[in-house]
$ cat model.txt   # compact mmCIF, C-alpha atoms
# COMPACT_ATOMS: atom_id res chain seq x y z
CA MET A 1 0.00 0.00 0.00
CA GLU A 2 2.85 2.36 0.89
CA GLN A 3 4.44 1.67 -2.47
CA VAL A 4 1.19 2.52 -4.23
CA LEU A 5 0.86 5.81 -2.32
CA LYS A 6 4.50 6.64 -3.04
CA ALA A 7 3.96 5.96 -6.74
CA LEU A 8 0.89 8.19 -6.75
CA GLU A 9 2.81 10.99 -5.01
CA GLU A 10 5.62 10.77 -7.56
CA THR A 11 3.07 10.83 -10.37
CA LYS A 12 1.44 13.93 -8.82
CA ASP A 13 4.80 15.74 -8.60
CA LEU A 14 5.55 14.84 -12.23
CA MET A 15 2.15 16.07 -13.39
CA THR A 16 2.61 19.32 -11.43
CA ASP A 17 5.96 19.92 -13.10
CA LYS A 18 4.52 19.17 -16.53
CA PHE A 19 1.54 21.45 -15.93
CA GLY A 20 3.83 24.27 -14.79
CA GLU A 21 5.92 23.88 -17.95
CA PHE A 22 2.74 23.90 -20.04
CA GLU A 23 1.58 27.14 -18.39
CA LYS A 24 4.90 28.80 -19.18
CA ARG A 25 4.64 27.80 -22.83
CA MET A 26 1.05 29.06 -23.05
CA SER A 27 2.07 32.36 -21.48
CA ALA A 28 4.91 32.74 -23.96
CA MET A 29 2.56 31.95 -26.84
CA GLU A 30 0.04 34.56 -25.63
CA THR A 31 2.81 37.15 -25.43
CA LEU A 32 3.82 36.46 -29.01
CA THR A 33 0.28 36.58 -30.40
CA LYS A 34 -1.01 39.49 -28.30
CA PRO A 35 -1.37 42.75 -30.33
CA ARG A 36 1.40 45.17 -29.52
CA LYS A 37 0.24 48.62 -28.48
CA VAL A 38 2.22 51.43 -30.03
CA SER A 39 1.38 55.11 -30.34
CA LEU A 40 2.14 55.63 -34.01
CA PRO A 41 -0.22 56.65 -36.83
CA GLY A 42 -1.55 53.72 -38.78
CA VAL A 43 -2.14 51.56 -35.71
CA ASP A 44 -5.61 51.42 -34.20
CA GLU A 45 -4.51 50.87 -30.60
CA GLY A 46 -4.26 54.11 -28.66
CA LYS A 47 -6.40 56.21 -30.99
CA GLU A 48 -8.86 56.88 -28.14
CA SER A 49 -6.06 58.71 -26.35
CA PHE A 50 -5.69 61.41 -29.00
CA SER A 51 -7.16 64.66 -27.68
CA PHE A 52 -8.06 67.56 -29.97
CA LEU A 53 -8.07 69.92 -26.97
CA LYS A 54 -4.56 68.91 -25.88
CA ALA A 55 -3.33 69.20 -29.46
CA ILE A 56 -4.93 72.62 -29.99
CA ASN A 57 -3.59 73.93 -26.69
CA ALA A 58 -0.07 72.75 -27.54
CA ILE A 59 -0.21 74.23 -31.04
CA ARG A 60 -1.44 77.54 -29.60
CA SER A 61 1.08 77.76 -26.77
CA GLY A 62 4.02 75.86 -28.24
CA ASP A 63 4.23 73.85 -25.01
CA TRP A 64 3.95 70.09 -25.68
CA LYS A 65 4.81 68.74 -22.21
CA HIS A 66 1.17 67.72 -21.60
CA ALA A 67 0.60 66.52 -25.16
CA GLY A 68 3.41 64.04 -25.72
CA PHE A 69 1.20 61.44 -27.39
CA GLU A 70 -0.31 64.04 -29.75
CA LYS A 71 3.18 65.33 -30.65
CA ALA A 72 4.31 61.77 -31.46
CA VAL A 73 1.32 61.34 -33.77
CA PHE A 74 2.06 64.62 -35.55
CA ASP A 75 5.80 63.94 -35.84
CA GLU A 76 5.28 60.50 -37.34
CA THR A 77 2.72 61.85 -39.81
CA GLU A 78 5.10 64.61 -40.87
CA LYS A 79 7.78 62.01 -41.61
CA LYS A 80 5.37 60.14 -43.88
CA ALA A 81 3.87 63.21 -45.55
CA GLY A 82 7.01 65.28 -46.06
CA SER A 83 6.36 68.99 -45.60
CA THR A 84 2.58 68.64 -45.73
CA GLY A 85 1.06 69.94 -42.53
CA SER A 86 4.44 70.65 -40.92
CA ASP A 87 4.63 72.83 -37.85
CA SER A 88 6.71 75.38 -39.80
CA ALA A 89 3.56 76.12 -41.77
CA GLY A 90 1.48 76.26 -38.58
CA GLY A 91 -0.50 73.13 -39.34
CA TYR A 92 -0.56 69.56 -38.09
CA ILE A 93 -2.11 66.55 -39.80
CA VAL A 94 -4.16 64.13 -37.69
CA PRO A 95 -4.09 60.72 -39.45
CA SER A 96 -7.34 59.15 -40.54
CA GLN A 97 -6.97 56.40 -37.92
CA TYR A 98 -7.28 59.02 -35.20
CA VAL A 99 -10.21 60.92 -36.71
CA ALA A 100 -12.36 57.89 -37.50
CA SER A 101 -14.95 59.06 -34.98
CA ILE A 102 -15.02 62.50 -36.64
CA ILE A 103 -15.72 60.94 -40.05
CA GLU A 104 -18.41 58.72 -38.53
CA MET A 105 -20.07 61.71 -36.84
CA LEU A 106 -19.79 63.69 -40.07
CA MET A 107 -21.70 61.02 -41.97
CA GLN A 108 -24.33 60.85 -39.23
CA GLU A 109 -24.93 64.63 -39.41
CA SER A 110 -24.75 64.93 -43.20
CA ILE A 111 -27.99 65.24 -45.17
CA ILE A 112 -26.49 63.69 -48.29
CA ALA A 113 -25.09 60.77 -46.28
CA SER A 114 -28.50 60.09 -44.74
CA MET A 115 -29.99 60.07 -48.25
CA GLY A 116 -27.54 57.35 -49.29
CA ALA A 117 -24.51 59.06 -50.86
CA THR A 118 -21.56 56.73 -51.45
CA TYR A 119 -18.53 57.57 -49.27
CA LEU A 120 -15.01 56.43 -50.17
CA ASN A 121 -12.81 57.04 -47.11
CA ASN A 122 -9.10 56.92 -46.28
CA LEU A 123 -7.95 57.36 -49.87
CA SER A 124 -4.29 57.96 -50.66
CA ALA A 125 -3.90 57.96 -54.45
CA SER A 126 -4.95 60.89 -56.63
CA PRO A 127 -6.71 61.34 -58.94
CA LEU A 128 -9.38 58.79 -58.11
CA GLU A 129 -10.87 57.54 -61.38
CA ILE A 130 -14.23 55.76 -61.29
CA PRO A 131 -15.35 54.11 -64.56
CA LYS A 132 -18.86 54.61 -65.86
CA GLN A 133 -20.77 53.36 -68.88
CA THR A 134 -21.94 56.17 -71.16
CA GLY A 135 -23.46 54.16 -73.99
CA GLY A 136 -24.95 50.72 -74.42
CA ALA A 137 -25.68 48.10 -77.03
CA THR A 138 -28.36 48.74 -79.65
CA ALA A 139 -30.82 46.11 -80.88
CA TYR A 140 -32.13 45.87 -84.46
CA TRP A 141 -34.63 43.85 -86.49
CA VAL A 142 -32.87 42.18 -89.39
CA ASP A 143 -33.89 40.18 -92.43
CA GLU A 144 -32.84 36.58 -92.81
CA ASN A 145 -29.19 36.23 -93.84
CA ALA A 146 -28.69 40.03 -93.47
CA ASP A 147 -25.79 41.56 -91.54
CA ILE A 148 -26.46 42.73 -88.00
CA THR A 149 -25.36 46.31 -87.39
CA SER A 150 -22.72 46.34 -84.71
CA SER A 151 -22.73 48.68 -81.71
CA ASP A 152 -20.02 49.35 -79.17
CA LEU A 153 -20.24 49.93 -75.46
CA ALA A 154 -19.02 53.43 -74.60
CA PHE A 155 -17.24 54.14 -71.35
CA GLY A 156 -16.13 57.25 -69.51
CA GLN A 157 -14.80 57.97 -66.04
CA LEU A 158 -15.43 60.22 -63.09
CA SER A 159 -12.14 61.76 -62.00
CA LEU A 160 -11.88 63.11 -58.45
CA THR A 161 -8.96 65.03 -56.93
CA PRO A 162 -8.44 66.30 -53.35
CA LYS A 163 -9.93 69.71 -52.58
CA ALA A 164 -9.56 71.41 -49.21
CA CYS A 165 -12.74 72.05 -47.22
CA ALA A 166 -11.85 74.42 -44.37
CA ALA A 167 -13.85 75.51 -41.33
CA MET A 168 -13.01 78.14 -38.70
CA ILE A 169 -14.03 77.56 -35.08
CA LYS A 170 -13.64 80.07 -32.23
CA MET A 171 -12.93 78.73 -28.75
CA SER A 172 -12.10 80.35 -25.45
CA ASN A 173 -8.64 79.55 -24.14
CA ARG A 174 -10.20 78.51 -20.84
CA LEU A 175 -12.24 75.84 -22.62
CA ILE A 176 -9.17 74.59 -24.47
CA LYS A 177 -7.32 74.08 -21.19
CA LEU A 178 -10.17 71.94 -19.84
CA SER A 179 -9.20 68.62 -21.38
CA ASN A 180 -12.16 66.74 -19.93
CA PRO A 181 -14.37 64.39 -21.98
CA SER A 182 -17.39 66.71 -22.15
CA ALA A 183 -15.33 69.62 -23.50
CA GLU A 184 -13.59 67.29 -25.95
CA ALA A 185 -16.97 66.04 -27.22
CA MET A 186 -18.21 69.60 -27.69
CA VAL A 187 -15.15 70.52 -29.76
CA ARG A 188 -15.63 67.44 -31.94
CA ARG A 189 -19.30 68.36 -32.48
CA ASP A 190 -18.34 71.91 -33.50
CA ILE A 191 -15.84 70.55 -36.04
CA VAL A 192 -18.39 68.09 -37.43
CA ASN A 193 -21.22 70.63 -37.71
CA ALA A 194 -19.05 73.18 -39.50
CA LEU A 195 -17.76 70.66 -42.03
CA ALA A 196 -21.08 68.84 -42.56
CA LEU A 197 -22.97 72.01 -43.51
CA GLU A 198 -20.41 73.03 -46.11
CA ILE A 199 -19.97 69.55 -47.57
CA ASP A 200 -23.75 69.20 -47.97
CA ARG A 201 -23.97 72.62 -49.61
CA ALA A 202 -21.13 71.85 -52.02
CA ALA A 203 -22.60 68.46 -52.92
CA LEU A 204 -25.84 70.16 -53.94
CA ARG A 205 -24.71 73.55 -55.24
CA GLY A 206 -20.90 73.50 -55.59
CA SER A 207 -19.71 75.68 -58.49
CA GLY A 208 -16.84 73.49 -59.68
CA ILE A 209 -14.76 76.65 -60.04
CA GLY A 210 -11.29 76.85 -58.51
CA SER A 211 -10.96 74.75 -55.38
CA GLU A 212 -14.72 74.16 -54.97
CA PRO A 213 -16.14 70.78 -56.05
CA LYS A 214 -18.91 70.62 -58.64
CA GLY A 215 -22.28 69.89 -57.08
CA ILE A 216 -25.44 68.38 -58.56
CA LYS A 217 -26.82 71.77 -59.65
CA ASN A 218 -23.82 72.54 -61.87
CA THR A 219 -23.25 69.05 -63.29
CA SER A 220 -23.95 68.72 -67.01
CA ASN A 221 -26.70 66.44 -68.30
CA ILE A 222 -28.79 66.19 -65.13
CA ASN A 223 -32.56 66.28 -65.63
CA THR A 224 -34.36 69.57 -64.89
CA LEU A 225 -37.95 70.64 -64.32
CA ALA A 226 -39.33 74.18 -64.76
CA LEU A 227 -42.59 74.99 -62.98
CA GLY A 228 -43.47 78.28 -64.68
CA THR A 229 -42.32 81.52 -66.28
CA ASN A 230 -42.18 83.15 -62.85
CA GLY A 231 -41.89 79.99 -60.77
CA ASP A 232 -44.81 78.20 -59.17
CA ALA A 233 -45.91 76.10 -56.20
CA PHE A 234 -44.25 72.73 -55.81
CA THR A 235 -47.28 70.46 -55.93
CA LEU A 236 -47.84 66.73 -56.18
CA ASP A 237 -47.97 67.20 -59.95
CA ALA A 238 -44.41 68.58 -59.80
CA VAL A 239 -43.40 65.60 -57.67
CA ALA A 240 -44.76 63.23 -60.33
CA ASP A 241 -42.99 65.15 -63.09
CA MET A 242 -39.60 64.96 -61.36
CA ILE A 243 -40.00 61.25 -60.73
CA GLY A 244 -41.05 60.84 -64.37
CA LYS A 245 -37.90 62.61 -65.59
CA ILE A 246 -35.72 60.05 -63.80
CA GLU A 247 -37.92 57.20 -64.97
CA ASP A 248 -37.68 58.39 -68.58
CA SER A 249 -33.88 58.26 -68.20
CA HIS A 250 -34.11 54.59 -67.10
CA ALA A 251 -32.58 55.60 -63.76
CA LEU A 252 -35.47 55.18 -61.31
CA ARG A 253 -33.68 52.80 -58.96
CA GLY A 254 -31.39 52.78 -55.95
CA LYS A 255 -31.64 55.13 -52.97
CA LEU A 256 -34.22 57.59 -54.27
CA GLY A 257 -35.42 60.65 -52.40
CA PHE A 258 -36.04 64.41 -52.32
CA VAL A 259 -34.00 67.19 -50.69
CA PHE A 260 -35.45 70.70 -50.33
CA ASN A 261 -35.58 73.68 -47.99
CA ALA A 262 -37.96 73.50 -45.02
CA LYS A 263 -39.95 76.40 -46.51
CA VAL A 264 -40.79 74.24 -49.53
CA LYS A 265 -42.00 71.54 -47.14
CA ARG A 266 -44.24 74.02 -45.35
CA MET A 267 -45.74 75.11 -48.67
CA MET A 268 -46.52 71.46 -49.41
CA PHE A 269 -48.07 71.11 -45.95
CA LYS A 270 -50.41 73.99 -46.83
CA GLN A 271 -51.74 72.42 -50.02
CA LYS A 272 -55.50 72.04 -49.92
CA VAL A 273 -57.93 69.60 -51.48
CA ALA A 274 -59.38 72.56 -53.41
CA GLN A 275 -56.22 72.75 -55.51
CA TYR A 276 -57.07 69.38 -56.98
CA SER A 277 -60.86 68.88 -56.70
CA GLY A 278 -62.49 72.29 -56.50
CA ASP A 279 -63.51 71.72 -52.89
CA THR A 280 -64.13 75.04 -51.14
CA ALA A 281 -63.85 73.91 -47.53
CA GLY A 282 -60.10 74.59 -47.40
CA MET A 283 -59.32 71.07 -46.23
CA PRO A 284 -55.68 69.93 -46.29
CA LEU A 285 -54.73 66.94 -48.41
CA LEU A 286 -54.28 64.83 -45.28
CA MET A 287 -55.16 65.42 -41.65
CA PRO A 288 -53.01 65.80 -39.80
CA MET A 289 -50.35 66.77 -42.32
CA SER A 290 -47.00 65.46 -41.01
CA ASP A 291 -43.61 64.38 -42.27
CA VAL A 292 -44.79 60.77 -42.34
CA ASN A 293 -47.94 61.60 -44.31
CA LEU A 294 -46.01 63.83 -46.71
CA LYS A 295 -43.56 61.00 -47.33
CA ASN A 296 -46.50 58.71 -48.10
CA LEU A 297 -47.95 61.29 -50.49
CA ILE A 298 -44.78 61.82 -52.51
CA GLY A 299 -43.82 58.16 -52.37
CA TYR A 300 -40.17 58.62 -51.36
CA ASP A 301 -38.08 59.71 -48.41
CA PHE A 302 -37.12 63.37 -48.09
CA LYS A 303 -34.82 65.62 -46.06
CA THR A 304 -34.78 69.37 -45.53
CA PHE A 305 -31.58 71.41 -45.76
CA SER A 306 -31.23 75.05 -44.75
CA GLY A 307 -28.27 75.52 -47.10
CA ILE A 308 -30.61 75.56 -50.11
CA PRO A 309 -31.45 79.26 -50.80
CA THR A 310 -35.01 80.60 -50.74
CA ASP A 311 -34.37 83.94 -52.45
CA LEU A 312 -33.88 82.81 -56.06
CA THR A 313 -35.61 84.79 -58.82
CA LYS A 314 -37.14 83.93 -62.17
CA GLY A 315 -39.06 86.37 -64.36
CA SER A 316 -41.14 88.43 -61.93
CA GLY A 317 -41.02 85.65 -59.35
CA SER A 318 -38.92 85.90 -56.19
CA ASN A 319 -38.44 83.88 -53.01
CA LEU A 320 -37.96 80.77 -55.09
CA SER A 321 -36.01 77.68 -54.08
CA GLU A 322 -34.58 74.40 -55.37
CA VAL A 323 -35.80 70.82 -55.10
CA TYR A 324 -33.48 67.87 -55.73
CA PHE A 325 -34.60 64.33 -56.52
CA GLY A 326 -32.54 61.34 -57.52
CA ASN A 327 -30.66 58.17 -56.71
CA TRP A 328 -28.29 59.43 -54.03
CA GLU A 329 -25.93 56.47 -54.11
CA GLU A 330 -24.79 57.82 -57.49
CA LEU A 331 -23.30 60.80 -55.62
CA ILE A 332 -19.70 59.87 -54.77
CA ILE A 333 -17.91 61.54 -51.85
CA ALA A 334 -14.17 60.82 -51.88
CA ASN A 335 -12.28 61.51 -48.65
CA TRP A 336 -8.47 61.67 -48.43
CA GLY A 337 -6.77 61.04 -45.10
CA GLY A 338 -7.20 62.91 -41.86
CA LEU A 339 -7.78 66.48 -40.71
CA GLU A 340 -5.27 69.30 -40.68
CA ILE A 341 -5.46 71.47 -37.56
CA MET A 342 -4.15 75.02 -37.33
CA ALA A 343 -4.59 77.25 -34.27
CA SER A 344 -3.89 80.93 -33.64
CA SER A 345 -4.52 83.38 -30.80
CA GLU A 346 -3.49 86.34 -32.98
CA THR A 347 -6.27 86.14 -35.61
CA SER A 348 -8.62 89.14 -35.76
CA ASP A 349 -9.73 90.04 -32.20
CA ALA A 350 -8.83 86.67 -30.68
CA PHE A 351 -6.03 88.17 -28.55
CA GLN A 352 -8.30 90.79 -26.97
CA LYS A 353 -11.01 88.21 -26.22
CA ASN A 354 -8.64 85.52 -24.93
CA GLN A 355 -9.76 83.19 -27.71
CA THR A 356 -8.11 80.79 -30.09
CA TRP A 357 -9.31 80.42 -33.64
CA VAL A 358 -8.99 76.87 -34.88
CA ARG A 359 -9.00 76.05 -38.58
CA VAL A 360 -9.64 72.48 -39.65
CA ILE A 361 -9.16 71.27 -43.21
CA GLN A 362 -10.51 68.06 -44.75
CA GLU A 363 -9.42 67.06 -48.24
CA LEU A 364 -12.23 65.60 -50.34
CA ASP A 365 -14.01 65.74 -53.68
CA MET A 366 -17.39 64.73 -55.01
CA GLY A 367 -19.19 64.01 -58.26
CA LEU A 368 -22.02 62.15 -59.96
CA ARG A 369 -21.33 58.80 -61.51
CA HIS A 370 -24.43 59.08 -63.72
CA PRO A 371 -25.91 62.62 -63.98
CA GLU A 372 -29.17 61.30 -65.45
CA SER A 373 -29.92 59.81 -62.03
CA PHE A 374 -30.82 63.28 -60.70
CA CYS A 375 -33.44 65.92 -61.42
CA LEU A 376 -33.39 69.56 -60.28
CA CYS A 377 -36.27 72.02 -59.99
CA SER A 378 -35.01 75.61 -59.42
CA ASP A 379 -38.24 77.67 -59.24
CA ALA A 380 -40.32 76.31 -56.36
CA GLU A 381 -42.24 78.96 -54.43
CA THR A 382 -41.55 79.35 -50.70
CA VAL A 383 -44.24 81.94 -49.80
$ encode --input "model.txt" --output "structure tokens"
Amino acid sequence: MEQVLKALEETKDLMTDKFGEFEKRMSAMETLTKPRKVSLPGVDEGKESFSFLKAINAIRSGDWKHAGFEKAVFDETEKKAGSTGSDSAGGYIVPSQYVASIIEMLMQESIIASMGATYLNNLSASPLEIPKQTGGATAYWVDENADITSSDLAFGQLSLTPKACAAMIKMSNRLIKLSNPSAEAMVRRDIVNALALEIDRAALRGSGIGSEPKGIKNTSNINTLALGTNGDAFTLDAVADMIGKIEDSHALRGKLGFVFNAKVKRMMFKQKVAQYSGDTAGMPLLMPMSDVNLKNLIGYDFKTFSGIPTDLTKGSGSNLSEVYFGNWEELIIANWGGLEIMASSETSDAFQKNQTWVRVIQELDMGLRHPESFCLCSDAETV
């Protein structure tokens, strides 16, 4: 019996040694396979630590002792980008990995993003060339043994190049020094709101002149609808006509919807049954008239955007506005890299008011893959 117990004890000691050796090997394996955390651009780990407030304060004051991580991010980016965004020019590039939350918030706030625009993020090459088909095959009726007329597919391309969208934000120096999460979130919201408004405006109405992208309004070969010599009310008949324009172009598909100013929506809310049936009771088309009911009436989703003007003129008509309808996924938004931050306490009256003016720049471009997928009405009444 003693021999059996002794044998069991020896077996236990052997198993303990083996198990301890196994644990060491597993620990070593975990160390090798565990992601290594480094604070360099291009690596996801640590991106939560980047603080816009700390970076802005350091840029403003020139004191980086409380922004060592932010300085490392900037320095590494400068090495990769050459002179672009160097501190000698007063600007610092924040890599796309560290502004992912900004881009996500930007898309959440953007009208065109909510309508279904196609975003291409974190681009590096330029120009970005997107192929598109401009002509298709043609069918014919032919006699027996006769030659079939050939037709070729025609192709073109949408070429996009980086253009700088800049926004200026004023902040008190006291706020900048408060590097707490709530202040940081407020700064991020200010950046997003400023950029989102301008990107939406440019996507709809950009001139395409100089450094400004070309928006839907100024793109050749889009469909258009005119309501009258002096403009007119945007009625359900106009809705049907705009939809019909897209349908006639064989483009009534995808993420379809309307975008117009809120004043156009209110005019549609005020439409009465009498406009269509001669009823004299002044009854609205639906009761109660609401966004949901209006969407049901026009048949597609819609968004309102304050950046669409309401003071356009045509003939003797004034206070006119624009209405956009189309397949919004055909609108391409190309986004290159991160944000460039510049900060100054000497701009305008910033010194007297103890403020810092922060300029943020995002490089992007936009364009329509198929212009016939959109229709524009430019003479809708707003009063």
$ closest_residue --input "model.txt" --among "A:Thr235, A:Asn223, A:Asn173, A:Asn327" --to "A:Leu53" --atoms "only C-alpha atoms"
A:Asn173
$ residues_around --input "model.txt" --residues "A:Lys163" --least-positions-apart "4" --cutoff "9 Å" --atoms "all atoms listed in the file" --output "MDAnalysis selection string"
chainID A and resid 211:213 362:365
$ closest_residue --input "model.txt" --among "A:Glu381, A:Glu104, A:Glu340, A:Glu329" --to "A:Thr310" --atoms "all atoms listed in the file"
A:Glu381
$ atom_distance --input "model.txt" --atom1 "atom CA of A:Leu236" --atom2 "atom CA of A:Ser378"
15.9 Å
$ closest_residue --input "model.txt" --among "A:Ile59, A:Met289, A:Leu225, A:Ile102" --to "A:Ile246" --atoms "all atoms listed in the file"
A:Leu225
$ residues_around --input "model.txt" --residues "A:Asp291" --least-positions-apart "4" --cutoff "12 Å" --atoms "only C-alpha atoms" --output "list in words"
Ala262, Lys265, Arg266, Met268, Phe269, Leu286, Met287, Lys295, Asn296, Leu297, Ile298, Gly299, Tyr300, Asp301, Phe302, Lys303 and Thr304 of chain A
$ atom_distance --input "model.txt" --atom1 "atom CA of A:Leu227" --atom2 "atom CA of A:Gly116"
26.9 Å
$ residues_around --input "model.txt" --residues "A:Leu160" --least-positions-apart "6" --cutoff "10 Å" --atoms "all atoms listed in the file" --output "PyMOL selection string"
chain A and resi 126-130+213+332-335+364-367
$ write_last_selection --input "model.txt" --atoms "C-alpha atoms" --output "short mmCIF file (atom, residue, chain, number, x, y, z; two decimals), in the frame of the given file"
data_model
loop_
_atom_site.label_atom_id
_atom_site.label_comp_id
_atom_site.auth_asym_id
_atom_site.auth_seq_id
_atom_site.Cartn_x
_atom_site.Cartn_y
_atom_site.Cartn_z
CA SER A 126 -4.95 60.89 -56.63
CA PRO A 127 -6.71 61.34 -58.94
CA LEU A 128 -9.38 58.79 -58.11
CA GLU A 129 -10.87 57.54 -61.38
CA ILE A 130 -14.23 55.76 -61.29
CA PRO A 213 -16.14 70.78 -56.05
CA ILE A 332 -19.70 59.87 -54.77
CA ILE A 333 -17.91 61.54 -51.85
CA ALA A 334 -14.17 60.82 -51.88
CA ASN A 335 -12.28 61.51 -48.65
CA LEU A 364 -12.23 65.60 -50.34
CA ASP A 365 -14.01 65.74 -53.68
CA MET A 366 -17.39 64.73 -55.01
CA GLY A 367 -19.19 64.01 -58.26
#
$ atom_distance --input "model.txt" --atom1 "atom CA of A:Arg201" --atom2 "atom CA of A:Ala113"
12.4 Å
$ closest_residue --input "model.txt" --among "A:Pro181, A:Gly338, A:Gly231, A:Gly208" --to "A:Glu322" --atoms "all atoms listed in the file"
A:Gly231
$ residues_around --input "model.txt" --residues "A:Gly317" --least-positions-apart "3" --cutoff "8 Å" --atoms "only C-alpha atoms" --output "PyMOL selection string"
chain A and resi 230-231+313-314+320
$ residues_around --input "model.txt" --residues "A:Thr382" --least-positions-apart "4" --cutoff "7 Å" --atoms "all atoms listed in the file" --output "ChimeraX atom specification"
/A:263-264,267,310,319-321
